[in-house]
Amino acid sequence: MASLPLPLTSATPSSQSRPVFARPSYFITHAKRSNRLRVSCTDAQNKKEASRDIETPLGKVDRRNMLLGLGGGLYSAATLISTPGASANPIKAPELDKCGVATNLNTGAMLDINCCPPMSQDIIDYQLPPVVHMKVRPSAHRVSPEYIFKYNMAIDRMKRLPKDDPRNFMQQANIHCAYCNGAYDQPGQGTLDLQVHNSWLFFPFHRWYLYFYERILGKLIGDPTFALPFWNWDNPKGMTIPPMFLDPKSALYDSKRNQDNLKAVLDLGMTRNKDPLQVVSNNLTIMYTEMVRGNASVYDFMGKPYREGDKVNPGPGSAERGSHTAIHVFVGDPREPSGEDLGNFYSAGRDPLFYSHHANVDRMWTLWQYFLPNNKVPEKTITDPDFLNTSFLFYDENAQLVRVTVKDCVDNLRMGYDLERIDLPWLDYRPPPQTARAQVTRAHKTAENAETVFPLKLDKIVRVMVPKTTKGVADELLVIEDITVDTTKFLKFDVFVNDEDDNVEELDKAAYAGTYAQVPHKTNSKMATTSIRLRLKELYEDMDVADDDTVLVTLVPRHEGDGVTIGGMKIVENPTPAKSSSG
Ligand code: C2O
């Protein structure tokens, strides 16, 4: 494989306090699970947390074993752990022979392409192969010319495969279209659509998708160690499209991209601020907020439960609706009718950049599970059996149709790939405390009261006073309810609390609470309703809220026109505070 550059710790203000990551080679030869926890400065605490036993109907199960997926049998114990509300069944893999016409989600029109995969009746239950070579996915802006050459060759070969070969590039792209644009129904549930976005299936579906894509590429160049590069958009050095994707002669090139953004600094907040330094700072704040500050539970990060018989889009997690969505929209081409390629689910997989974007999305899942010592949530992994037993179908690198389950993908090392260790400049990027007293009193005069304004149309900036449950710094969540969205549009709004200066282009301040955003997608009815919750504890810590029993919430739409209605807003106590004393 290509030689991987040694990871460096880039100069950021607090890099000294940050874990120093071991060399990739260390992880290749010493790929034991417990090493993961050793990178953190709160090592002892993590180990204690990680080894705490969990009570199950079968007796005690070591949390670490469940978390790390050692041995298949442990999952059967894990699946017996009851989760509140876990009474339905997991979503079943789609029936390929019932694959139908997909829909262009931006227009609602039927697509004139057929994105159904080739048929096969021969389905094998996939077994993860033993890990012989641990692959290491590299950061895309740090790879060698040899690596780029090899990657380009692999994609080129994939594009040249016969059109009906399920491993052909277009067939691979169509996997995304079929699973995301209403081509499949949930088996046994009539015409209820199957959708892998906007729920807890987001991370596992895309992980399996990339897993087979990567194995196919490796097979095409005879290199079982080939690992996809991740677009390291969470690091300032990776906040432009990686240059390897911009060479028109390369198989990695796609002409359907926003020409203004080919070399522009990625704007995760879509604030349209013109100062690249401000944009980078916004980006780091967004990463910190969606990975660390804004989540009170694993569901806030992963997305809401989605079980057999459920309607599509129960609700996306913080990363899916935040950085993930922003990048789709940043790259998609406004000259195209529907934001093709990356800006629309049906066509997103046609841009080779998609797979590097999602390799970094996937990396966020791994980081969330194993590398965030500051994450003050009770659990970092979903043990609900309806999650773990959800299944999907893919064609593997030998063009064999296989059925995979979520439980086999919750640990990337068990799947045979690791990640290049790169500094995480957002990990401690907590906005500075607000120095002056928030001018809530002034704002009070112009804000509406929560009881009077709903439902409210988000076609301009709105300000609402929302009562707290208690004065001072409590562990509270802001719940934005019945967010009704037109699913065929790109929509985004940001949320600020007690925003002192009202400069809505700057997100790197204590008042920034989080975001809602969506890539256009299909539901049966065009309109969909969802809700989000944003944790406020750290915001309160960094602002003067001691005597306040209400806060001022500002909602800033980043999209044009209407398309979002908010049904209600309230502040509640965190129902699942982390018990750990470090929290
Ligand atoms: Cu399945 Cu980023 O979309």
# chains A, B, ... in the order shown; residues from 1 in each chain; ligands from 1
$ residues_around --residues "region 176-183 of chain A" --least-positions-apart "4" --cutoff "6 Å" --atoms "only C-alpha atoms" --output "ChimeraX atom specification"
/A:99-103,115-116,193,195,346,522
$ write_last_selection --atoms "N, CA and C atoms" --output "CSV table (one decimal), in the first residue's frame"
chain,number,residue,atom,x,y,z
A,99,CYS,N,-38.3,-3.8,-6.4
A,99,CYS,CA,-37.7,-2.4,-6.5
A,99,CYS,C,-38.5,-1.7,-7.6
A,100,GLY,N,-38.8,-0.4,-7.3
A,100,GLY,CA,-39.7,0.3,-8.3
A,100,GLY,C,-39.0,1.5,-8.8
A,101,VAL,N,-39.8,2.4,-9.4
A,101,VAL,CA,-39.2,3.6,-10.0
A,101,VAL,C,-38.9,4.6,-8.9
A,102,ALA,N,-37.7,5.2,-9.0
A,102,ALA,CA,-37.3,6.2,-8.0
A,102,ALA,C,-37.8,7.5,-8.4
A,103,THR,N,-37.8,8.4,-7.4
A,103,THR,CA,-38.4,9.7,-7.6
A,103,THR,C,-37.3,10.8,-7.5
A,115,CYS,N,-32.9,2.9,-11.1
A,115,CYS,CA,-31.7,2.7,-10.2
A,115,CYS,C,-31.8,1.4,-9.4
A,116,CYS,N,-32.6,0.5,-9.9
A,116,CYS,CA,-32.7,-0.8,-9.2
A,116,CYS,C,-31.4,-1.7,-9.5
A,193,ASP,N,-42.5,3.5,2.3
A,193,ASP,CA,-41.2,3.7,1.8
A,193,ASP,C,-40.1,3.2,2.8
A,195,GLN,N,-36.2,4.2,3.8
A,195,GLN,CA,-35.4,5.3,3.7
A,195,GLN,C,-34.2,5.2,4.7
A,346,TYR,N,-30.4,11.1,-5.2
A,346,TYR,CA,-30.4,10.1,-6.3
A,346,TYR,C,-29.1,10.1,-7.0
A,522,LYS,N,-37.2,12.2,-0.5
A,522,LYS,CA,-38.6,11.9,-0.8
A,522,LYS,C,-39.3,11.4,0.5
$ residues_near_ligand --ligand "ligand 1" --cutoff "7 Å" --atoms "only C-alpha atoms and all ligand atoms" --output "ChimeraX atom specification"
/A:176,180,197,206,324-325,328,345,358
$ closest_atom_pairs --of "region 283-336 of chain A" --to "region 470-483 of chain A" --cutoff "12 Å" --atoms "only C-alpha atoms" --output "CSV"
residue,atom,partner,partner_atom,distance
A:Arg293,CA,A:Leu477,CA,11.3
A:Gly294,CA,A:Leu477,CA,8.8
A:Asn295,CA,A:Leu477,CA,9.0
A:Ala296,CA,A:Leu477,CA,7.9
A:Ser297,CA,A:Leu477,CA,11.0
A:Asp300,CA,A:Leu477,CA,11.0
A:Asn313,CA,A:Ile483,CA,11.8
A:Pro314,CA,A:Asp482,CA,11.2
A:Gly315,CA,A:Ile483,CA,10.1
$ residues_around --residues "Arg207 (chain A)" --least-positions-apart "5" --cutoff "10 Å" --atoms "only C-alpha atoms" --output "list of chain:residue names"
A:Leu201, A:Phe202, A:Phe212, A:Tyr213, A:His358, A:Ala359, A:Val361, A:Asp362, A:Arg363, A:Trp365, A:Val406, A:Cys409, A:Val410, A:Asn412, A:Met415
$ write_last_selection --atoms "N, CA and C atoms" --output "PDB file, in the first residue's frame"
ATOM      1  N   LEU A 201     -30.443   4.769  11.194  1.00  0.00           N
ATOM      2  CA  LEU A 201     -29.834   3.920  10.161  1.00  0.00           C
ATOM      3  C   LEU A 201     -28.804   4.666   9.324  1.00  0.00           C
ATOM      4  N   PHE A 202     -28.728   5.958   9.497  1.00  0.00           N
ATOM      5  CA  PHE A 202     -27.840   6.764   8.658  1.00  0.00           C
ATOM      6  C   PHE A 202     -26.390   6.267   8.725  1.00  0.00           C
ATOM      7  N   PHE A 212     -18.266  -2.188   1.107  1.00  0.00           N
ATOM      8  CA  PHE A 212     -18.205  -3.007  -0.106  1.00  0.00           C
ATOM      9  C   PHE A 212     -17.592  -2.229  -1.267  1.00  0.00           C
ATOM     10  N   TYR A 213     -17.873  -0.968  -1.358  1.00  0.00           N
ATOM     11  CA  TYR A 213     -17.269  -0.116  -2.396  1.00  0.00           C
ATOM     12  C   TYR A 213     -15.744  -0.186  -2.299  1.00  0.00           C
ATOM     13  N   HIS A 358     -18.278  10.682   2.656  1.00  0.00           N
ATOM     14  CA  HIS A 358     -18.891   9.763   3.618  1.00  0.00           C
ATOM     15  C   HIS A 358     -17.867   8.972   4.422  1.00  0.00           C
ATOM     16  N   ALA A 359     -16.668   8.813   3.894  1.00  0.00           N
ATOM     17  CA  ALA A 359     -15.637   8.163   4.719  1.00  0.00           C
ATOM     18  C   ALA A 359     -15.345   9.038   5.941  1.00  0.00           C
ATOM     19  N   VAL A 361     -17.648  11.184   7.255  1.00  0.00           N
ATOM     20  CA  VAL A 361     -18.863  11.061   8.073  1.00  0.00           C
ATOM     21  C   VAL A 361     -18.742   9.794   8.931  1.00  0.00           C
ATOM     22  N   ASP A 362     -18.327   8.727   8.289  1.00  0.00           N
ATOM     23  CA  ASP A 362     -18.162   7.445   8.994  1.00  0.00           C
ATOM     24  C   ASP A 362     -17.111   7.557  10.107  1.00  0.00           C
ATOM     25  N   ARG A 363     -16.060   8.318   9.817  1.00  0.00           N
ATOM     26  CA  ARG A 363     -15.026   8.544  10.826  1.00  0.00           C
ATOM     27  C   ARG A 363     -15.589   9.257  12.053  1.00  0.00           C
ATOM     28  N   TRP A 365     -18.404   8.777  13.336  1.00  0.00           N
ATOM     29  CA  TRP A 365     -19.039   7.752  14.180  1.00  0.00           C
ATOM     30  C   TRP A 365     -17.977   7.082  15.062  1.00  0.00           C
ATOM     31  N   VAL A 406     -26.782  -4.559  11.028  1.00  0.00           N
ATOM     32  CA  VAL A 406     -26.140  -3.424  11.692  1.00  0.00           C
ATOM     33  C   VAL A 406     -25.165  -3.897  12.768  1.00  0.00           C
ATOM     34  N   CYS A 409     -21.533  -4.036  12.030  1.00  0.00           N
ATOM     35  CA  CYS A 409     -20.784  -2.862  11.551  1.00  0.00           C
ATOM     36  C   CYS A 409     -20.537  -1.828  12.632  1.00  0.00           C
ATOM     37  N   VAL A 410     -20.858  -2.145  13.875  1.00  0.00           N
ATOM     38  CA  VAL A 410     -20.703  -1.096  14.889  1.00  0.00           C
ATOM     39  C   VAL A 410     -19.245  -0.903  15.305  1.00  0.00           C
ATOM     40  N   ASN A 412     -15.521  -0.566  13.596  1.00  0.00           N
ATOM     41  CA  ASN A 412     -14.788  -0.515  12.334  1.00  0.00           C
ATOM     42  C   ASN A 412     -13.555  -1.428  12.325  1.00  0.00           C
ATOM     43  N   MET A 415     -14.406  -4.715  11.245  1.00  0.00           N
ATOM     44  CA  MET A 415     -14.641  -4.741   9.794  1.00  0.00           C
ATOM     45  C   MET A 415     -13.341  -4.653   9.009  1.00  0.00           C
TER      46      MET A 415
END
$ atom_distance --atom1 "CA of Met527 (chain A)" --atom2 "CA of Asp185 (chain A)"
18.4 Å
$ residues_around --residues "Glu214 (chain A)" --least-positions-apart "3" --cutoff "8 Å" --atoms "only C-alpha atoms" --output "short mmCIF file (atom, residue, chain, number, x, y, z; two decimals) with C-alpha atoms, in the first residue's frame"
data_model
loop_
_atom_site.label_atom_id
_atom_site.label_comp_id
_atom_site.auth_asym_id
_atom_site.auth_seq_id
_atom_site.Cartn_x
_atom_site.Cartn_y
_atom_site.Cartn_z
CA LEU A 210 -18.54 2.17 1.74
CA TYR A 211 -17.25 -1.13 3.05
CA LEU A 217 -11.91 -1.15 -5.56
CA GLY A 218 -9.26 -3.17 -3.74
CA PHE A 226 -6.62 -0.54 -0.35
CA ALA A 227 -8.44 1.92 1.90
CA LEU A 228 -10.63 4.85 0.87
#
$ closest_residue --among "A:Phe301, A:Trp426, A:Phe394, A:Tyr516" --to "Pro94 (chain A)" --atoms "only C-alpha atoms"
A:Phe394
